[in-house]
Amino acid sequence: MCGALTDSGVITMRFLIISLVLLISSCAVYKPVPVDLASIGKDINLPGMTREEIYAKSSEWIVRHLYSKGHIIEVADKNAGLIVANGFIEYPTEGILEVMDKVQQTISFTMQANIRDQEMTIFFSDLMIDIPKYYYRNRHPIWGVEEYGGYSVPVTEKGDYEAARRGLLEIVGNLEQYLKRNPGG
(Lines give C-alpha, C1' and ligand atoms only; values in the text may rest on other atoms or scores of the structure.)
Protein backbone atom coordinates (compact mmCIF):
# COMPACT_ATOMS: atom_id res chain seq x y z
CA MET A 1 0.00 0.00 0.00
CA CYS A 2 2.81 2.33 0.80
CA GLY A 3 4.35 1.68 -2.67
CA ALA A 4 1.04 2.45 -4.43
CA LEU A 5 0.78 5.75 -2.58
CA THR A 6 4.34 6.66 -3.54
CA ASP A 7 3.68 5.84 -7.23
CA SER A 8 0.53 7.96 -7.14
CA GLY A 9 2.47 10.87 -5.67
CA VAL A 10 5.14 10.59 -8.37
CA ILE A 11 2.53 10.49 -11.11
CA THR A 12 0.78 13.52 -9.63
CA MET A 13 4.08 15.40 -9.38
CA ARG A 14 4.98 14.53 -12.99
CA PHE A 15 1.55 15.69 -14.12
CA LEU A 16 1.98 19.01 -12.28
CA ILE A 17 5.45 19.58 -13.74
CA ILE A 18 4.30 18.79 -17.28
CA SER A 19 1.27 21.07 -16.84
CA LEU A 20 3.49 23.88 -15.57
CA VAL A 21 5.91 23.49 -18.50
CA LEU A 22 3.02 23.54 -21.00
CA LEU A 23 1.51 26.61 -19.35
CA ILE A 24 4.79 28.52 -19.42
CA SER A 25 5.54 27.52 -23.02
CA SER A 26 2.07 28.56 -24.20
CA CYS A 27 2.55 31.96 -22.59
CA ALA A 28 5.85 32.31 -24.43
CA VAL A 29 4.09 31.91 -27.81
CA TYR A 30 2.06 35.11 -27.41
CA LYS A 31 4.22 38.00 -28.60
CA PRO A 32 2.63 41.37 -27.87
CA VAL A 33 3.53 44.37 -29.99
CA PRO A 34 5.88 46.73 -28.14
CA VAL A 35 4.38 50.19 -27.63
CA ASP A 36 7.07 51.85 -29.77
CA LEU A 37 6.10 49.61 -32.73
CA ALA A 38 2.35 50.11 -32.47
CA SER A 39 2.34 52.51 -35.43
CA ILE A 40 3.84 52.41 -38.91
CA GLY A 41 5.33 55.30 -40.85
CA LYS A 42 7.62 56.25 -43.71
CA ASP A 43 9.15 59.39 -45.22
CA ILE A 44 8.87 59.92 -48.97
CA ASN A 45 11.29 62.25 -50.78
CA LEU A 46 9.77 63.96 -53.81
CA PRO A 47 12.40 66.25 -55.33
CA GLY A 48 11.05 69.12 -57.39
CA MET A 49 7.45 68.88 -56.14
CA THR A 50 5.83 71.69 -54.17
CA ARG A 51 3.64 71.13 -51.13
CA GLU A 52 0.56 72.11 -53.13
CA GLU A 53 1.35 69.60 -55.91
CA ILE A 54 1.99 66.79 -53.43
CA TYR A 55 -1.21 67.65 -51.55
CA ALA A 56 -3.39 67.66 -54.71
CA LYS A 57 -1.95 64.44 -56.15
CA SER A 58 -2.02 62.63 -52.78
CA SER A 59 -5.65 63.59 -52.15
CA GLU A 60 -6.58 62.33 -55.59
CA TRP A 61 -4.72 59.03 -55.09
CA ILE A 62 -6.16 58.44 -51.60
CA VAL A 63 -9.76 58.87 -52.77
CA ARG A 64 -9.20 56.56 -55.75
CA HIS A 65 -7.23 53.79 -54.03
CA LEU A 66 -8.24 53.50 -50.38
CA TYR A 67 -11.34 51.64 -49.25
CA SER A 68 -13.26 52.67 -46.15
CA LYS A 69 -16.48 51.75 -44.41
CA GLY A 70 -17.22 55.46 -43.97
CA HIS A 71 -15.69 58.67 -45.26
CA ILE A 72 -12.23 58.08 -46.68
CA ILE A 73 -10.80 61.55 -46.03
CA GLU A 74 -11.53 62.68 -42.49
CA VAL A 75 -9.37 65.84 -42.41
CA ALA A 76 -8.05 67.76 -45.41
CA ASP A 77 -6.14 70.94 -44.55
CA LYS A 78 -4.25 72.28 -47.55
CA ASN A 79 -2.71 75.18 -45.62
CA ALA A 80 -1.29 72.88 -42.93
CA GLY A 81 -0.32 70.21 -45.49
CA LEU A 82 -2.33 67.57 -43.64
CA ILE A 83 -4.53 64.72 -44.85
CA VAL A 84 -6.07 62.23 -42.43
CA ALA A 85 -7.82 59.28 -44.07
CA ASN A 86 -9.48 56.05 -43.00
CA GLY A 87 -9.13 52.79 -44.83
CA PHE A 88 -8.85 49.05 -44.70
CA ILE A 89 -6.90 46.37 -46.52
CA GLU A 90 -7.34 42.64 -46.87
CA TYR A 91 -5.27 40.86 -44.25
CA PRO A 92 -1.90 40.41 -46.03
CA THR A 93 -1.41 36.69 -45.48
CA GLU A 94 1.89 34.91 -45.89
CA GLY A 95 2.15 31.13 -45.78
CA ILE A 96 -0.57 28.50 -46.00
CA LEU A 97 -1.48 28.44 -42.29
CA GLU A 98 -1.95 32.19 -42.13
CA VAL A 99 -3.97 32.14 -45.35
CA MET A 100 -6.33 29.54 -43.88
CA ASP A 101 -6.73 31.42 -40.62
CA LYS A 102 -6.90 35.07 -41.72
CA VAL A 103 -8.06 35.09 -45.34
CA GLN A 104 -11.47 36.62 -44.66
CA GLN A 105 -10.24 39.29 -42.23
CA THR A 106 -9.28 42.90 -42.96
CA ILE A 107 -7.07 45.43 -41.20
CA SER A 108 -8.52 48.90 -40.76
CA PHE A 109 -6.36 51.94 -40.07
CA THR A 110 -6.06 55.70 -39.92
CA MET A 111 -3.53 57.21 -42.32
CA GLN A 112 -2.00 60.63 -41.73
CA ALA A 113 -0.02 62.41 -44.45
CA ASN A 114 2.12 65.36 -43.33
CA ILE A 115 3.08 67.21 -46.50
CA ARG A 116 5.97 69.63 -46.99
CA ASP A 117 7.84 70.93 -50.04
CA GLN A 118 9.62 68.02 -51.75
CA GLU A 119 8.64 65.44 -49.12
CA MET A 120 5.87 63.89 -47.11
CA THR A 121 5.58 61.60 -44.11
CA ILE A 122 2.94 58.87 -44.04
CA PHE A 123 1.95 57.58 -40.62
CA PHE A 124 -0.54 54.76 -39.90
CA SER A 125 -2.26 54.32 -36.53
CA ASP A 126 -5.41 52.83 -34.96
CA LEU A 127 -4.65 49.41 -36.45
CA MET A 128 -7.61 47.05 -36.01
CA ILE A 129 -8.26 43.51 -37.23
CA ASP A 130 -11.81 43.28 -38.54
CA ILE A 131 -13.42 39.86 -38.14
CA PRO A 132 -16.35 39.46 -40.56
CA LYS A 133 -19.83 38.77 -39.28
CA TYR A 134 -20.30 36.02 -41.85
CA TYR A 135 -17.69 33.71 -43.26
CA TYR A 136 -17.54 30.80 -45.64
CA ARG A 137 -17.31 27.47 -43.86
CA ASN A 138 -14.36 25.44 -45.15
CA ARG A 139 -13.26 28.54 -47.10
CA HIS A 140 -15.48 27.73 -50.06
CA PRO A 141 -18.89 29.23 -50.95
CA ILE A 142 -20.38 25.85 -51.85
CA TRP A 143 -20.43 24.84 -48.16
CA GLY A 144 -22.55 27.80 -47.18
CA VAL A 145 -22.16 30.87 -45.03
CA GLU A 146 -22.10 30.83 -41.24
CA GLU A 147 -22.37 33.67 -38.75
CA TYR A 148 -19.20 34.14 -36.77
CA GLY A 149 -17.93 37.50 -35.56
CA GLY A 150 -18.75 40.97 -36.76
CA TYR A 151 -16.32 42.81 -34.52
CA SER A 152 -12.87 44.43 -34.54
CA VAL A 153 -9.91 43.94 -32.22
CA PRO A 154 -6.73 46.01 -31.89
CA VAL A 155 -3.54 44.68 -33.43
CA THR A 156 -1.68 43.43 -30.37
CA GLU A 157 0.30 40.41 -31.55
CA LYS A 158 3.61 40.79 -33.32
CA GLY A 159 2.59 38.52 -36.24
CA ASP A 160 -0.49 40.66 -36.93
CA TYR A 161 1.60 43.83 -36.68
CA GLU A 162 4.13 42.47 -39.17
CA ALA A 163 1.32 41.53 -41.56
CA ALA A 164 -0.20 45.01 -41.24
CA ARG A 165 3.22 46.56 -41.81
CA ARG A 166 3.68 44.57 -45.04
CA GLY A 167 0.30 45.67 -46.40
CA LEU A 168 0.52 49.30 -45.30
CA LEU A 169 4.04 49.82 -46.61
CA GLU A 170 2.76 48.49 -49.95
CA ILE A 171 0.19 51.32 -49.90
CA VAL A 172 2.98 53.84 -49.26
CA GLY A 173 5.04 52.35 -52.09
CA ASN A 174 2.11 52.61 -54.51
CA LEU A 175 1.45 56.24 -53.50
CA GLU A 176 5.15 57.07 -53.88
CA GLN A 177 5.28 55.51 -57.37
CA TYR A 178 2.18 57.47 -58.40
CA LEU A 179 3.59 60.78 -57.18
CA LYS A 180 6.97 60.23 -58.86
CA ARG A 181 5.35 59.17 -62.17
CA ASN A 182 2.91 62.10 -62.14
CA PRO A 183 4.78 65.15 -60.82
CA GLY A 184 3.45 68.64 -61.23
CA GLY A 185 0.00 70.13 -60.95
# chains A, B, ... in the order shown; residues from 1 in each chain; ligands from 1
$ residues_around --residues "A:Asp130" --least-positions-apart "5" --cutoff "7 Å" --atoms "only C-alpha atoms" --output "VMD selection string"
chain A and resid 105 to 108 151 to 153
$ atom_distance --atom1 "atom CA of A:His71" --atom2 "atom CA of A:Lys158"
28.9 Å
$ select_by_dssp --residues "stretch 52-105 of chain A" --states "strand (DSSP E or B)" --output "VMD selection string"
chain A and resid 67 73 to 77 82 to 90
$ residues_around --residues "A:Gly87" --least-positions-apart "2" --cutoff "12 Å" --atoms "only C-alpha atoms" --output "ChimeraX atom specification"
/A:62-74,84-85,89-90,106-112,124-128,130,167-168,171
$ atom_distance --atom1 "atom CA of A:Lys180" --atom2 "atom CA of A:Leu82"
19.3 Å
$ atom_distance --atom1 "atom CA of A:Pro132" --atom2 "atom CA of A:Asn174"
26.6 Å
$ closest_residue --among "A:Ile129, A:Gly150, A:Glu119, A:Glu157" --to "A:Met49" --atoms "only C-alpha atoms"
A:Glu119
$ select_by_dssp --residues "stretch 63-183 of chain A" --states "helix (DSSP H, G or I)" --output "VMD selection string"
chain A and resid 63 to 65 96 to 102 137 to 139 141 to 143 158 to 181
$ closest_residue --among "A:Ala113, A:Met120, A:Ile131, A:Ala164" --to "A:Asn86" --atoms "only C-alpha atoms"
A:Ala113
$ residues_around --residues "A:Gln177" --least-positions-apart "2" --cutoff "12 Å" --atoms "only C-alpha atoms" --output "VMD selection string"
chain A and resid 44 to 46 57 to 58 61 170 to 175 179 to 183
$ closest_residue --among "A:Ile83, A:Ala56, A:Ala76, A:Pro92" --to "A:Gly159" --atoms "only C-alpha atoms"
A:Pro92
$ closest_residue --among "A:Ser59, A:Ser39, A:Thr12, A:Thr50" --to "A:Gln118" --atoms "only C-alpha atoms"
A:Thr50
